[in-house]
Structure formats: structure tokens, C-alpha cells
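Structure data follow from upload-v8.pdb (PDB, C-alpha atoms, pLDDT in the B column):
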```pdb
MODEL        1
ATOM      1  CA  MET C 294    -125.918  33.174  83.243  1.00 89.00           C
ATOM      2  CA  SER C 295    -123.177  31.609  81.111  1.00 91.00           C
ATOM      3  CA  LYS C 296    -120.849  33.555  78.865  1.00 94.00           C
ATOM      4  CA  LEU C 297    -122.195  31.686  75.813  1.00 94.00           C
ATOM      5  CA  LEU C 298    -125.741  32.735  76.670  1.00 95.00           C
ATOM      6  CA  LYS C 299    -124.655  36.361  77.025  1.00 95.00           C
ATOM      7  CA  VAL C 300    -122.908  36.221  73.633  1.00 95.00           C
ATOM      8  CA  THR C 301    -125.966  34.588  72.049  1.00 95.00           C
ATOM      9  CA  LEU C 302    -128.228  37.295  73.459  1.00 95.00           C
ATOM     10  CA  VAL C 303    -125.950  40.091  72.234  1.00 96.00           C
ATOM     11  CA  VAL C 304    -125.671  38.578  68.739  1.00 95.00           C
ATOM     12  CA  HIS C 305    -129.444  38.184  68.572  1.00 95.00           C
ATOM     13  CA  ILE C 306    -130.000  41.757  69.784  1.00 96.00           C
ATOM     14  CA  VAL C 307    -127.644  43.180  67.147  1.00 96.00           C
ATOM     15  CA  LEU C 308    -129.271  41.158  64.362  1.00 94.00           C
ATOM     16  CA  ALA C 309    -132.804  41.914  65.576  1.00 95.00           C
ATOM     17  CA  VAL C 310    -132.197  45.665  65.691  1.00 96.00           C
ATOM     18  CA  GLY C 311    -130.078  45.712  62.523  1.00 94.00           C
ATOM     19  CA  LEU C 312    -132.763  43.964  60.509  1.00 92.00           C
ATOM     20  CA  GLY C 313    -135.868  44.961  62.463  1.00 95.00           C
ATOM     21  CA  LEU C 314    -135.496  48.733  62.225  1.00 96.00           C
ATOM     22  CA  PRO C 315    -135.137  48.926  58.434  1.00 94.00           C
ATOM     23  CA  LEU C 316    -137.886  46.339  57.936  1.00 93.00           C
ATOM     24  CA  LEU C 317    -140.226  48.345  60.135  1.00 95.00           C
ATOM     25  CA  GLY C 318    -139.303  51.772  58.744  1.00 94.00           C
ATOM     26  CA  LEU C 319    -138.350  51.263  55.092  1.00 91.00           C
ATOM     27  CA  PRO C 320    -139.266  47.724  54.060  1.00 92.00           C
ATOM     28  CA  GLY C 321    -139.534  48.284  50.313  1.00 88.00           C
ATOM     29  CA  ARG C 322    -136.340  50.296  50.040  1.00 88.00           C
ATOM     30  CA  PHE C 323    -134.357  48.037  52.398  1.00 87.00           C
ATOM     31  CA  LEU C 324    -135.381  44.794  50.704  1.00 84.00           C
ATOM     32  CA  GLY C 325    -135.089  46.431  47.276  1.00 83.00           C
ATOM     33  CA  TRP C 326    -131.422  47.219  48.015  1.00 81.00           C
ATOM     34  CA  LEU C 327    -130.967  43.504  48.581  1.00 76.00           C
ATOM     35  CA  GLY C 328    -132.804  42.661  45.370  1.00 73.00           C
ATOM     36  CA  TRP C 329    -135.500  40.917  47.380  1.00 76.00           C
ATOM     37  CA  ALA C 330    -138.735  41.272  45.415  1.00 72.00           C
ATOM     38  CA  PRO C 331    -141.665  41.313  45.431  1.00 70.00           C
ATOM     39  CA  VAL C 332    -141.951  43.075  48.758  1.00 77.00           C
ATOM     40  CA  ASP C 333    -145.113  43.064  50.847  1.00 86.00           C
ATOM     41  CA  PRO C 334    -144.692  46.137  53.065  1.00 89.00           C
ATOM     42  CA  LEU C 335    -147.352  45.050  55.576  1.00 93.00           C
ATOM     43  CA  ILE C 336    -145.811  41.646  56.328  1.00 93.00           C
ATOM     44  CA  SER C 337    -142.281  43.104  56.175  1.00 92.00           C
ATOM     45  CA  ARG C 338    -143.193  45.728  58.792  1.00 94.00           C
ATOM     46  CA  MET C 339    -144.826  43.092  60.989  1.00 95.00           C
ATOM     47  CA  PHE C 340    -141.674  40.963  60.749  1.00 93.00           C
ATOM     48  CA  GLY C 341    -139.553  44.002  61.629  1.00 95.00           C
ATOM     49  CA  ALA C 342    -141.754  44.641  64.670  1.00 97.00           C
ATOM     50  CA  ALA C 343    -141.460  40.989  65.724  1.00 96.00           C
ATOM     51  CA  LEU C 344    -137.663  41.143  65.458  1.00 95.00           C
ATOM     52  CA  LEU C 345    -137.536  44.320  67.530  1.00 97.00           C
ATOM     53  CA  GLY C 346    -139.827  42.752  70.138  1.00 96.00           C
ATOM     54  CA  LEU C 347    -137.574  39.706  70.401  1.00 95.00           C
ATOM     55  CA  GLY C 348    -134.542  41.977  70.618  1.00 96.00           C
ATOM     56  CA  TRP C 349    -136.187  43.863  73.496  1.00 96.00           C
ATOM     57  CA  LEU C 350    -136.833  40.585  75.341  1.00 95.00           C
ATOM     58  CA  ASP C 351    -133.201  39.602  74.792  1.00 95.00           C
ATOM     59  CA  LEU C 352    -132.022  42.943  76.200  1.00 96.00           C
ATOM     60  CA  ARG C 353    -134.246  42.601  79.273  1.00 96.00           C
ATOM     61  CA  THR C 354    -132.966  39.058  79.803  1.00 95.00           C
ATOM     62  CA  LEU C 355    -129.345  40.158  79.425  1.00 95.00           C
ATOM     63  CA  ARG C 356    -129.867  42.902  82.003  1.00 95.00           C
ATOM     64  CA  SER C 357    -131.489  40.490  84.458  1.00 94.00           C
ATOM     65  CA  ASN C 358    -128.413  38.237  84.347  1.00 89.00           C
ATOM     66  CA  SER C 359    -130.631  35.349  85.461  1.00 90.00           C
ATOM     67  CA  ARG C 360    -130.636  31.906  83.903  1.00 89.00           C
ATOM     68  CA  GLN C 361    -134.157  31.346  85.183  1.00 90.00           C
ATOM     69  CA  ALA C 362    -135.397  34.506  83.445  1.00 88.00           C
ATOM     70  CA  ALA C 363    -133.582  33.442  80.259  1.00 94.00           C
ATOM     71  CA  GLN C 364    -135.302  30.054  79.920  1.00 94.00           C
ATOM     72  CA  GLY C 365    -138.395  31.388  78.135  1.00 93.00           C
ATOM     73  CA  VAL C 366    -136.278  33.545  75.823  1.00 95.00           C
ATOM     74  CA  ILE C 367    -134.083  30.545  74.975  1.00 96.00           C
ATOM     75  CA  GLU C 368    -137.114  28.424  74.121  1.00 95.00           C
ATOM     76  CA  ALA C 369    -138.650  31.246  72.067  1.00 94.00           C
ATOM     77  CA  GLY C 370    -135.335  31.643  70.238  1.00 94.00           C
ATOM     78  CA  ILE C 371    -135.258  27.938  69.392  1.00 96.00           C
ATOM     79  CA  LEU C 372    -138.813  28.078  68.057  1.00 96.00           C
ATOM     80  CA  PHE C 373    -138.511  31.370  66.162  1.00 94.00           C
ATOM     81  CA  CYS C 374    -135.117  30.741  64.579  1.00 95.00           C
ATOM     82  CA  GLY C 375    -135.726  27.026  64.023  1.00 97.00           C
ATOM     83  CA  LEU C 376    -139.098  27.516  62.377  1.00 97.00           C
ATOM     84  CA  ALA C 377    -137.773  30.424  60.288  1.00 95.00           C
ATOM     85  CA  ALA C 378    -134.861  28.262  59.098  1.00 96.00           C
ATOM     86  CA  ALA C 379    -137.165  25.335  58.309  1.00 97.00           C
ATOM     87  CA  GLY C 380    -139.609  27.551  56.421  1.00 94.00           C
ATOM     88  CA  MET C 381    -136.841  29.218  54.435  1.00 92.00           C
ATOM     89  CA  ALA C 382    -135.168  25.904  53.626  1.00 94.00           C
ATOM     90  CA  ARG C 383    -138.430  24.453  52.388  1.00 93.00           C
ATOM     91  CA  ASN C 384    -138.833  27.288  49.873  1.00 88.00           C
ATOM     92  CA  MET C 385    -135.183  27.579  48.928  1.00 88.00           C
ATOM     93  CA  LEU C 386    -134.307  23.963  48.175  1.00 88.00           C
ATOM     94  CA  GLY C 387    -134.311  23.277  44.474  1.00 84.00           C
ATOM     95  CA  ALA C 388    -134.414  26.935  43.410  1.00 82.00           C
ATOM     96  CA  ALA C 389    -131.863  29.598  42.566  1.00 85.00           C
ATOM     97  CA  TRP C 390    -131.613  32.225  45.308  1.00 83.00           C
ATOM     98  CA  PRO C 391    -129.063  35.028  45.757  1.00 82.00           C
ATOM     99  CA  TRP C 392    -126.140  34.443  48.130  1.00 83.00           C
ATOM    100  CA  TYR C 393    -127.529  36.775  50.794  1.00 83.00           C
ATOM    101  CA  THR C 394    -130.687  34.691  51.055  1.00 84.00           C
ATOM    102  CA  TRP C 395    -128.512  31.679  51.810  1.00 89.00           C
ATOM    103  CA  ALA C 396    -126.588  33.840  54.306  1.00 90.00           C
ATOM    104  CA  VAL C 397    -129.844  34.676  56.125  1.00 89.00           C
ATOM    105  CA  LEU C 398    -130.716  30.967  56.224  1.00 92.00           C
ATOM    106  CA  GLY C 399    -127.239  30.237  57.584  1.00 95.00           C
ATOM    107  CA  ILE C 400    -127.681  32.865  60.292  1.00 94.00           C
ATOM    108  CA  TYR C 401    -130.985  31.302  61.358  1.00 94.00           C
ATOM    109  CA  VAL C 402    -129.425  27.820  61.427  1.00 97.00           C
ATOM    110  CA  LEU C 403    -126.473  29.135  63.465  1.00 96.00           C
ATOM    111  CA  LEU C 404    -128.750  30.946  65.917  1.00 95.00           C
ATOM    112  CA  THR C 405    -130.934  27.854  66.282  1.00 97.00           C
ATOM    113  CA  GLY C 406    -127.832  25.851  67.151  1.00 97.00           C
ATOM    114  CA  LEU C 407    -126.695  28.460  69.692  1.00 95.00           C
ATOM    115  CA  TRP C 408    -130.121  28.559  71.338  1.00 96.00           C
ATOM    116  CA  ILE C 409    -130.214  24.741  71.506  1.00 97.00           C
ATOM    117  CA  VAL C 410    -126.743  24.583  73.088  1.00 96.00           C
ATOM    118  CA  ASN C 411    -127.841  27.167  75.674  1.00 94.00           C
ATOM    119  CA  TRP C 412    -131.037  25.204  76.332  1.00 95.00           C
ATOM    120  CA  LEU C 413    -129.040  21.996  76.904  1.00 94.00           C
ATOM    121  CA  LYS C 414    -126.703  23.747  79.370  1.00 89.00           C
ATOM    122  CA  LYS C 415    -129.386  23.913  82.085  1.00 75.00           C
TER     123      LYS C 415
ENDMDL
END
```
Write out the structure in this file as C-alpha cells.
Amino acid sequence: MSKLLKVTLVVHIVLAVGLGLPLLGLPGRFLGWLGWAPVDPLISRMFGAALLGLGWLDLRTLRSNSRQAAQGVIEAGILFCGLAAAGMARNMLGAAWPWYTWAVLGIYVLLTGLWIVNWLKK
């Protein structure tokens, strides 16, 4: 497993846990602190659970230290982050959004790029 892949997995784990836990446990309060409204607690909790699930897969992959085991996680990362970035961009273009919303989009674009680079380094 390459050093870049290990770094990508660690970054994704930190972001998944850092965002997934508050979205699962306190979605209204967490998103309210960011000024993100209206908040649907059901979908926010489901998204938090999805992030934590992806973070768990990343952790298991990191512990396996196997490129072969990482292939599915890399492809899932490309799809999840790429589709999230595309969906966000579609809604955000042409509208005024707070800086942190653009930061989240930037994080998804960056992660998509990292996953793609890792996928190409077969």
C-alpha cells in the first residue's frame, strides 16, 4: 500500500468521524452552529451513519495494509466523494452560499482527486 493511499485513508477517516459523529448524534445543533438551515434530522443522521460506515471501512483497509483490499474502498471513495461534489456543485452554482459550504465542496473535490490518483496508481 502506497504512502499516498495511507494518507488518503487517514484524512478520510478523520473527516468521516469528525463530521459523522455530530451529524448522527446532534444534527440540528451541529448544523445550526454552522448556520445550515433548514435541517432534516432524519437525513442528517443517515448521512452521519454513512460517513461513519465509510470511515470504518477506511480503518479496516488501513489496518490490512493491502492494495488489493483497498481497491473497493478506493472505488467507493471516488463514487461517494465525486457524486457528493457533483450534487453540491449543481445546487451551489449561481446562488449565494456561506464560505464553509464552499469549503465542504472543496474538500469533496480534493478527496475525489486523491481517490482518483490512488486508483490510477494500480
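With atom CA of Met294 of chain C on one side and atom CA of Gly370 of chain C on the other, the separation reads 16.1 Å.
If all atoms listed in the file are the atoms counted, then among C:Gly328, C:Thr405, C:Leu344, C:Pro334 the closest residue to Trp390 of chain C is C:Gly328.
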For Gly321 of chain C, list every protein, DNA or RNA residue within 9 Å, evaluated using all atoms listed in the file, and leave out those in the same chain fewer than 6 positions away; present the list as a PyMOL selection string. chain C and resi 329-334+337
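Nearest to Ala382 of chain C of all the residues C:Thr394, C:Ser357, C:Ser295, C:Gln364 is C:Thr394, counting all atoms listed in the file.
The nearest approach to Gly346 of chain C among the residues C:Ala309, C:Val410, C:Leu316, C:Asn358, with all atoms listed in the file taken into account, belongs to C:Ala309.
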